[in-house]
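Engineer: Sharing upload-v6.txt, compact mmCIF, C-alpha atoms and all ligand atoms:
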# COMPACT_ATOMS: atom_id res chain seq x y z
CA MET T 150 26.60 142.60 -31.15
CA THR T 151 23.35 144.59 -31.09
CA ARG T 152 20.70 143.76 -33.63
CA LYS T 153 17.97 146.00 -34.94
CA LYS T 154 14.68 145.31 -33.21
CA CYS T 155 11.20 145.85 -34.66
CA ILE T 156 8.71 148.00 -32.85
CA GLN T 157 5.67 146.85 -34.78
CA TYR T 158 4.59 143.35 -35.58
CA THR T 159 2.02 142.61 -38.27
CA ALA T 160 0.20 139.41 -37.37
CA PRO T 161 0.29 136.71 -40.04
CA GLN T 162 -2.89 136.59 -42.10
CA ASN T 163 -3.11 133.98 -44.83
CA LYS T 164 0.59 133.25 -45.19
CA ALA T 165 2.75 131.92 -42.37
CA ALA T 166 5.37 134.39 -41.17
CA LEU T 167 8.10 131.83 -41.83
CA SER T 168 7.80 128.37 -43.34
CA ILE T 169 10.13 125.78 -44.85
CA THR T 170 9.40 123.29 -47.63
CA THR T 171 11.48 121.24 -50.03
CA LYS T 172 11.82 121.92 -53.73
CA LYS T 173 9.50 119.11 -54.66
CA ASP T 174 6.74 120.57 -52.44
CA ARG T 175 6.99 123.93 -54.17
CA ALA T 176 4.82 124.94 -57.10
CA SER T 177 6.90 125.47 -60.23
CA GLY T 178 8.10 128.95 -61.12
CA SER T 179 10.72 131.33 -59.86
CA CYS T 180 11.12 132.23 -56.22
CA PRO T 181 8.99 135.35 -55.56
CA PRO T 182 9.88 138.12 -53.11
CA GLY T 183 9.55 136.70 -49.61
CA CYS T 184 11.23 133.48 -50.64
CA ALA T 185 14.80 132.21 -50.19
CA VAL T 186 16.37 129.04 -51.52
CA THR T 187 19.20 127.35 -49.67
CA HIS T 188 20.97 124.11 -50.44
CA VAL T 189 21.83 121.94 -47.45
CA SER T 190 24.57 119.56 -48.41
CA SER T 191 26.64 117.32 -46.15
CA PRO T 192 27.73 113.66 -46.06
CA PHE T 193 24.32 112.87 -44.51
CA VAL T 194 21.89 115.09 -46.34
CA ASN T 195 21.56 116.76 -49.71
CA ILE T 196 18.43 118.80 -50.04
CA GLU T 197 17.16 122.10 -51.38
CA LEU T 198 15.06 124.07 -48.93
CA ILE T 199 12.59 126.77 -49.85
CA ILE T 200 12.14 129.26 -47.03
CA SER T 201 9.05 131.45 -47.41
CA TYR T 202 8.57 134.51 -45.26
CA ARG T 203 6.43 137.59 -44.94
CA THR T 204 8.65 140.51 -45.83
CA ASP T 205 6.95 142.96 -43.45
CA THR T 206 7.24 140.68 -40.43
CA CYS T 207 9.21 140.61 -37.23
CA LEU T 208 9.50 137.34 -35.33
CA SER T 209 9.81 136.41 -31.68
CA LEU T 210 11.53 133.22 -30.49
CA PRO T 211 8.37 131.08 -30.19
CA GLU T 212 7.37 132.11 -33.71
CA LEU T 213 10.44 130.30 -35.10
CA VAL T 214 9.23 126.94 -33.85
CA PRO T 215 6.72 125.93 -36.59
CA ALA T 216 9.37 126.42 -39.29
CA ALA T 217 11.91 124.43 -37.26
CA GLN T 218 9.35 121.62 -36.89
CA GLN T 219 8.80 121.66 -40.66
CA LEU T 220 12.55 121.38 -41.22
CA SER T 221 12.81 118.48 -38.79
CA ASP T 222 9.92 116.67 -40.50
CA ILE T 223 11.52 117.22 -43.93
CA LEU T 224 14.81 115.72 -42.73
CA LEU T 225 13.06 112.73 -41.15
CA THR T 226 11.02 112.07 -44.27
CA GLU T 227 14.00 112.41 -46.60
CA HIS T 228 16.42 110.49 -44.44
CA PHE T 229 14.49 107.65 -42.83
CA PHE T 230 11.17 107.28 -44.59
CA SER T 231 12.18 107.70 -48.21
CA ASP T 232 11.75 104.47 -50.22
CA SER T 233 15.03 105.14 -51.99
CA ASN T 234 17.29 104.64 -48.96
CA SER T 235 18.27 101.42 -47.23
CA LEU T 236 18.51 102.81 -43.69
CA PRO T 237 16.77 100.76 -41.00
CA LYS T 238 13.27 102.01 -40.35
CA PRO T 239 12.37 103.31 -36.86
CA THR T 240 10.46 100.93 -34.60
CA CYS T 241 8.85 103.79 -32.61
CA ARG T 242 5.06 103.39 -32.47
CA LYS T 243 2.05 105.17 -30.98
CA GLY T 244 1.51 104.01 -27.39
CA CYS T 245 5.20 103.34 -26.76
CA SER T 246 6.24 106.07 -24.35
CA HIS T 247 9.35 104.85 -22.53
CA CYS T 248 11.38 107.77 -23.88
CA CYS T 249 8.87 110.20 -22.30
CA LYS T 250 10.17 109.20 -18.83
CA TYR T 251 13.59 110.78 -19.47
CA LEU T 252 14.63 114.33 -18.75
CA VAL T 253 15.00 116.35 -21.94
CA GLY T 254 16.17 119.86 -22.68
CA ILE T 255 14.59 122.21 -25.21
CA SER T 256 15.50 125.59 -26.69
CA PRO T 257 14.11 128.83 -25.22
CA ALA T 258 11.97 129.21 -28.37
CA GLU T 259 10.33 125.86 -27.74
CA ALA T 260 9.94 126.49 -24.01
CA TYR T 261 7.85 129.60 -24.80
CA TYR T 262 5.98 127.77 -27.56
CA LEU T 263 5.14 124.81 -25.30
CA ALA T 264 4.16 127.05 -22.39
CA GLU T 265 1.67 128.86 -24.66
CA LEU T 266 0.28 125.55 -25.86
CA VAL T 267 -0.03 124.12 -22.36
CA GLU T 268 -2.17 127.05 -21.25
CA THR T 269 -4.89 125.66 -23.57
CA TYR T 270 -4.89 122.25 -21.81
CA PRO T 271 -5.90 122.68 -18.13
CA ASP T 272 -5.12 119.05 -17.22
CA ALA T 273 -1.65 119.13 -18.77
CA ARG T 274 -1.03 122.53 -17.17
CA GLN T 275 -1.85 121.06 -13.76
CA ARG T 276 0.54 118.14 -14.37
CA PHE T 277 3.26 120.64 -15.32
CA LEU T 278 2.71 122.52 -12.07
CA ASN T 279 2.70 119.31 -10.00
CA ASN T 280 5.83 117.93 -11.67
CA SER T 281 7.74 121.19 -11.50
CA SER T 282 6.95 121.48 -7.81
CA VAL T 283 8.35 117.96 -7.19
CA ILE T 284 11.43 118.67 -9.31
CA LEU T 285 12.18 122.04 -7.72
CA GLN T 286 11.82 120.63 -4.21
CA ALA T 287 14.20 117.83 -5.15
CA CYS T 288 16.53 120.41 -6.73
CA ASP T 289 16.93 122.09 -3.36
CA GLN T 290 18.96 119.08 -2.29
CA LEU T 291 21.36 119.51 -5.20
CA ALA T 292 23.37 122.66 -4.93
CA TYR T 293 24.57 122.91 -8.49
CA ILE T 294 21.08 122.35 -9.90
CA HIS T 295 19.64 124.82 -7.43
CA GLU T 296 22.08 127.46 -8.62
CA SER T 297 21.36 127.09 -12.31
CA ARG T 298 17.71 126.33 -11.69
CA PHE T 299 15.79 125.75 -14.91
CA SER T 300 18.42 125.68 -17.62
CA HIS T 301 22.00 125.21 -18.75
CA LEU T 302 22.14 121.79 -17.16
CA GLU T 303 22.80 119.95 -20.39
CA GLN T 304 25.75 122.20 -21.10
CA ASP T 305 27.44 120.62 -18.10
CA SER T 306 28.32 117.24 -19.58
CA LYS T 307 30.19 116.23 -16.41
CA ASN T 308 26.96 116.21 -14.46
CA SER T 309 24.46 115.37 -17.19
CA GLU T 310 24.52 111.60 -16.59
CA PHE T 311 24.21 112.12 -12.87
CA ILE T 312 21.28 114.49 -13.38
CA SER T 313 19.54 112.05 -15.75
CA ASN T 314 19.85 109.29 -13.16
CA TRP T 315 18.69 111.63 -10.42
CA TYR T 316 15.63 112.57 -12.50
CA SER T 317 14.83 108.88 -13.18
CA GLU T 318 14.65 108.31 -9.42
CA LEU T 319 11.79 110.84 -9.25
CA LYS T 320 9.80 108.46 -11.51
CA LEU T 321 8.00 111.27 -13.30
CA SER T 322 6.59 111.05 -16.81
CA CYS T 323 6.55 114.03 -19.12
CA PRO T 324 3.57 116.19 -18.10
CA LEU T 325 2.42 116.10 -21.72
CA LEU T 326 2.04 112.33 -21.68
CA GLU T 327 -1.56 111.16 -21.34
CA ASN T 328 -2.50 107.46 -21.52
CA ASP T 329 0.90 106.75 -23.09
CA VAL T 330 0.22 109.21 -25.92
CA CYS T 331 1.78 112.64 -26.37
CA LYS T 332 -0.93 115.24 -25.82
CA VAL T 333 0.74 117.63 -28.28
CA TYR T 334 2.13 115.11 -30.74
CA ASN T 335 1.98 117.37 -33.81
CA HIS T 336 3.66 120.14 -31.83
CA ARG T 337 6.05 117.99 -29.80
CA PRO T 338 9.57 119.34 -29.23
CA LEU T 339 12.31 118.78 -31.77
CA VAL T 340 14.30 116.58 -29.42
CA CYS T 341 11.27 114.24 -29.23
CA ARG T 342 10.84 114.25 -33.03
CA GLU T 343 14.50 113.44 -33.51
CA HIS T 344 14.67 110.57 -31.03
CA LEU T 345 14.04 107.43 -33.07
CA THR T 346 15.20 103.90 -32.40
CA THR T 347 15.45 100.65 -34.29
CA SER T 348 15.58 98.39 -31.24
CA GLN T 349 12.74 96.73 -29.37
CA PRO T 350 10.65 99.09 -27.17
CA GLN T 351 11.87 97.48 -23.92
CA ALA T 352 15.39 98.75 -24.63
CA CYS T 353 14.10 102.31 -24.15
CA ARG T 354 12.87 101.69 -20.60
CA PRO T 355 14.82 103.76 -18.06
CA ASP T 356 15.60 100.55 -16.12
CA SER T 357 16.61 98.51 -19.18
CA PRO T 358 20.03 96.82 -18.96
CA ASN T 359 20.39 97.29 -22.74
CA GLU T 360 21.02 100.51 -24.59
CA PRO T 361 18.48 101.36 -27.32
CA GLU T 362 19.77 101.63 -30.86
CA ILE T 363 19.26 105.30 -31.67
CA LEU T 364 19.03 106.39 -35.30
CA PRO T 365 21.43 109.23 -35.99
CA MET T 366 19.80 112.28 -37.56
CA PRO T 367 21.47 113.96 -40.58
CA PHE T 368 21.81 116.86 -38.16
CA SER T 369 19.95 117.99 -35.08
CA VAL T 370 17.34 120.69 -35.76
CA ALA T 371 16.94 120.89 -31.95
CA GLU T 372 20.59 121.99 -31.72
CA LEU T 373 20.17 124.27 -34.73
CA LEU T 374 17.25 126.10 -33.09
CA MET T 375 19.13 126.38 -29.79
CA ASN T 376 22.02 128.02 -31.67
CA VAL T 377 19.70 130.32 -33.65
CA CYS T 378 18.13 131.49 -30.36
CA ALA T 379 21.59 132.10 -28.89
CA GLU T 380 22.82 134.07 -31.91
CA LEU T 381 19.68 136.22 -32.02
CA GLU T 382 19.89 136.90 -28.29
CA ASN T 383 23.67 137.29 -28.41
CA SER T 384 24.06 134.74 -25.63
CA MET T 385 25.27 131.21 -24.97
CA PRO T 386 23.13 128.27 -26.18
CA GLU T 387 20.62 127.48 -23.49
CA SER T 388 18.79 124.24 -22.75
CA ILE T 389 15.56 124.48 -20.73
CA LEU T 390 14.34 121.41 -18.88
CA LEU T 391 11.07 120.44 -20.58
CA PRO T 392 9.14 119.73 -17.33
CA LEU T 393 10.18 123.16 -16.03
CA SER T 394 9.39 125.07 -19.22
CA LEU T 395 6.17 126.52 -17.77
CA PRO T 396 7.73 128.20 -14.70
CA TRP T 397 10.79 129.11 -16.79
CA SER T 398 8.57 130.86 -19.33
CA HIS T 399 6.71 132.75 -16.58
CA ALA T 400 10.02 133.86 -15.08
CA ASN T 401 11.40 135.08 -18.46
CA THR T 402 8.56 137.04 -20.04
CA THR T 403 10.72 139.88 -21.40
CA ARG T 404 12.71 137.63 -23.72
CA LYS T 405 9.49 136.23 -25.13
CA THR T 406 8.34 139.62 -26.43
CA GLN T 407 11.59 140.55 -28.18
CA LYS T 408 11.31 140.43 -31.98
CA TRP T 409 13.75 140.53 -34.90
CA PRO T 410 13.16 141.46 -38.55
CA VAL T 411 12.46 138.34 -40.57
CA LYS T 412 15.53 138.99 -42.79
CA THR T 413 17.76 138.96 -39.69
CA VAL T 414 16.20 135.68 -38.60
CA LEU T 415 16.69 134.28 -42.09
CA ASN T 416 20.39 135.22 -42.19
CA VAL T 417 21.00 133.66 -38.79
CA LEU T 418 19.09 130.51 -39.75
CA ILE T 419 20.99 130.03 -43.01
CA ASN T 420 24.35 130.77 -41.33
CA GLN T 421 23.66 128.21 -38.63
CA LEU T 422 22.52 125.65 -41.23
CA ASN T 423 25.77 126.19 -43.12
CA ARG T 424 27.83 126.00 -39.93
CA ILE T 425 26.31 122.64 -38.93
CA THR T 426 26.63 121.05 -42.38
CA GLN T 427 30.21 122.37 -42.83
CA SER T 428 31.24 120.88 -39.50
CA GLN T 429 29.88 117.53 -40.73
CA VAL T 430 31.91 117.84 -43.94
CA LEU T 431 35.07 118.52 -41.89
CA LYS T 432 34.42 115.54 -39.59
CA ALA T 433 33.70 113.12 -42.47
S1 LIG P 1 6.56 116.21 -25.34
FE1 LIG P 1 5.38 114.42 -25.96
S2 LIG P 1 6.87 113.12 -27.06
FE2 LIG P 1 8.06 114.62 -25.89
S3 LIG P 1 8.56 113.64 -23.92
FE3 LIG P 1 6.63 114.78 -23.63
S4 LIG P 1 4.98 113.32 -24.04
FE4 LIG P 1 6.86 112.46 -24.89
Kindly present the structure from the file in structure tokens form.
Structural biologist:
Amino acid sequence: MTRKKCIQYTAPQNKAALSITTKKDRASGSCPPGCAVTHVSSPFVNIELIISYRTDTCLSLPELVPAAQQLSDILLTEHFFSDSNSLPKPTCRKGCSHCCKYLVGISPAEAYYLAELVETYPDARQRFLNNSSVILQACDQLAYIHESRFSHLEQDSKNSEFISNWYSELKLSCPLLENDVCKVYNHRPLVCREHLTTSQPQACRPDSPNEPEILPMPFSVAELLMNVCAELENSMPESILLPLSLPWSHANTTRKTQKWPVKTVLNVLINQLNRITQSQVLKA
């Protein structure tokens, strides 16, 4: 399927190109042009989302990320931090960084977004380069990783546990971790936002004999964004290894510059939201 592509892009001025809020955050009044309302309803979440967009805009993959982060934050607030629910509260705290020693995969949109961000932090950029060099050298010893290189690894569930264990042996922390604090906390990837536990911090250590108790999200916005990227690019969902996102981004510059009309992005986003929530209804 070929989608119409924009030639021109008008940079956002006062209003974000795409943003997501909940009904209660919205000023009263009808939805103006450049605004869509969608109801997300499943056994785990029931919420009205207001999606605001600039009608004259085209968006690239990394430009989808701020709206996806807003959506993830809305779900977390509604689901775990609302006073009206009785779910256990996460025990995750600033300074606890055991989960930042694991290998995680992110969507192409977030890989580009992070790579742009990292360019503004010379120390983090250097850690990325050091870590990716260690990982790629170690990859040379593993034929199937070497072949696929930076991505798709998480799609291969047969090898994912083996790869996680292999990565743990390298004893690398996320290059964005500094003094046990995430250097880009407000911009951290969706998979990091959505990883919350209720167990004691020690259970999250890579060498812990106990499994941490992970809080299930109403749905994964990380997965949603991966699927939105795939549908826009007319390809299979792709998972980029976070520590390799910098070299991956440099090796895939063409995809970063491709843009889609905001209405196309909106349709894909709402379709994928519906697809995820409907699959939850069917499973329940
Ligand atoms: S991006 Fe931040 S939160 Fe995520 S693994 Fe890296 S340091 Fe931890």
Engineer: Write out as a list of chain:residue names which residues come within 12 Å of Asn279 in chain T when counting all atoms listed in the file, dropping same-chain ones fewer than 6 positions away.
Structural biologist: T:Asp272, T:Ala273, T:Leu285, T:Gln286, T:Leu321, T:Ser322, T:Cys323, T:Pro324, T:Pro392, T:Leu393, T:Leu395, T:Pro396
Engineer: Can you build me a table of chain T residues sitting at most 6 Å from ligand LIG 1 (chain P), with the closest atom pair per residue and its distance in Å to one decimal, using all atoms listed in the file, sorted by chain and residue number, as JSON lines?
Structural biologist:
{"residue": "T:Cys249", "atom": "CA", "partner": "P:LIG1", "partner_atom": "S3", "distance": 3.8}
{"residue": "T:Cys323", "atom": "CA", "partner": "P:LIG1", "partner_atom": "FE3", "distance": 4.6}
{"residue": "T:Leu325", "atom": "CA", "partner": "P:LIG1", "partner_atom": "S4", "distance": 4.4}
{"residue": "T:Leu326", "atom": "CA", "partner": "P:LIG1", "partner_atom": "S4", "distance": 3.9}
{"residue": "T:Cys331", "atom": "CA", "partner": "P:LIG1", "partner_atom": "S4", "distance": 4.0}
{"residue": "T:Tyr334", "atom": "CA", "partner": "P:LIG1", "partner_atom": "FE1", "distance": 5.8}
{"residue": "T:Arg337", "atom": "CA", "partner": "P:LIG1", "partner_atom": "S1", "distance": 4.8}
{"residue": "T:Pro338", "atom": "CA", "partner": "P:LIG1", "partner_atom": "S1", "distance": 5.8}
{"residue": "T:Cys341", "atom": "CA", "partner": "P:LIG1", "partner_atom": "FE2", "distance": 4.6}
Engineer: Tell me, in Å to one decimal, how far CA of Ala352 in chain T is from CA of Ile425 in chain T.
Structural biologist: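 CA of Ala352 in chain T sits 29.9 Å away from CA of Ile425 in chain T.
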Engineer: Calculate how many Å separate CA of Asn376 in chain T from CA of Gly183 in chain T, rounding to one decimal.
Structural biologist: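 Computing it gives 23.5 Å between the two atoms.
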Engineer: Report the distance between CA of Thr346 in chain T and CA of Ile196 in chain T in Å, rounded to one decimal place.
Structural biologist: 23.3 Å
Engineer: Excluding Val414 in chain T and residues on its chain fewer than 4 positions from it, collect all residues at most 9 Å away from it, counting all atoms listed in the file, and give them as a PyMOL selection string.
Structural biologist: chain T and resi 207-208+213+377+381+409-410+418-419
Engineer: Could you give me, as a list in words, the residues that have an atom at most 10 Å away from the point (21.1, 99.2, -28.0) in the coordinates of the file, using all atoms listed in the file?
Structural biologist: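 I get Thr346, Thr347, Ser348, Gln349, Ala352, Cys353, Ser357, Pro358, Asn359, Glu360, Pro361, Glu362 and Ile363 of chain T for the residues within 10 Å of that point.
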Engineer: I'd like the contact shell of Leu167 in chain T - 10 Å cut-off, all atoms listed in the file, skipping same-chain residues fewer than 2 positions apart - returned as a list in words.
Structural biologist: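 Counting all atoms listed in the file, the residues come to Pro161, Lys164, Ala165, Ile169, Gly183, Cys184, Ile200, Ser201, Tyr202, Arg203, Thr204, Thr206, Cys207, Leu208, Glu212, Leu213, Val214, Pro215, Ala216, Ala217, Val411, Val414 and Leu415 of chain T.
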Engineer: Out of T:Ser221, T:Ala166, T:Leu422, T:Pro350, which residue has the shortest atom-to-atom distance to Asp205 in chain T when counting all atoms listed in the file?
Structural biologist: T:Ala166
Engineer: Out of T:Lys332, T:Ser369, T:Glu227, T:Thr403, which residue has the shortest atom-to-atom distance to Arg276 in chain T when counting all atoms listed in the file?
Structural biologist: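 With all atoms listed in the file as the atom set, the closest residue is T:Lys332.
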Engineer: Can you work out which one of T:Leu319, T:Asp356, T:Ile284, T:Asn416 has the shortest atom-to-atom distance to Glu380 in chain T, counting all atoms listed in the file?
Structural biologist: T:Asn416
Engineer: Of the residues T:Phe311, T:Thr406, T:Phe277, T:Glu372, which is the one nearest to Arg424 in chain T, using only C-alpha atoms?
Structural biologist: T:Glu372
Engineer: Quick one: everything within 6 Å of range 257-269 of chain T, counting all atoms listed in the file, minus sequence neighbours fewer than 2 positions away in the same chain. Send it as a list of chain:residue names.
Structural biologist: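 Within the cut-off, the hits are T:Leu210, T:Pro211, T:Arg274, T:Ser394, T:Leu395, T:Ser398.
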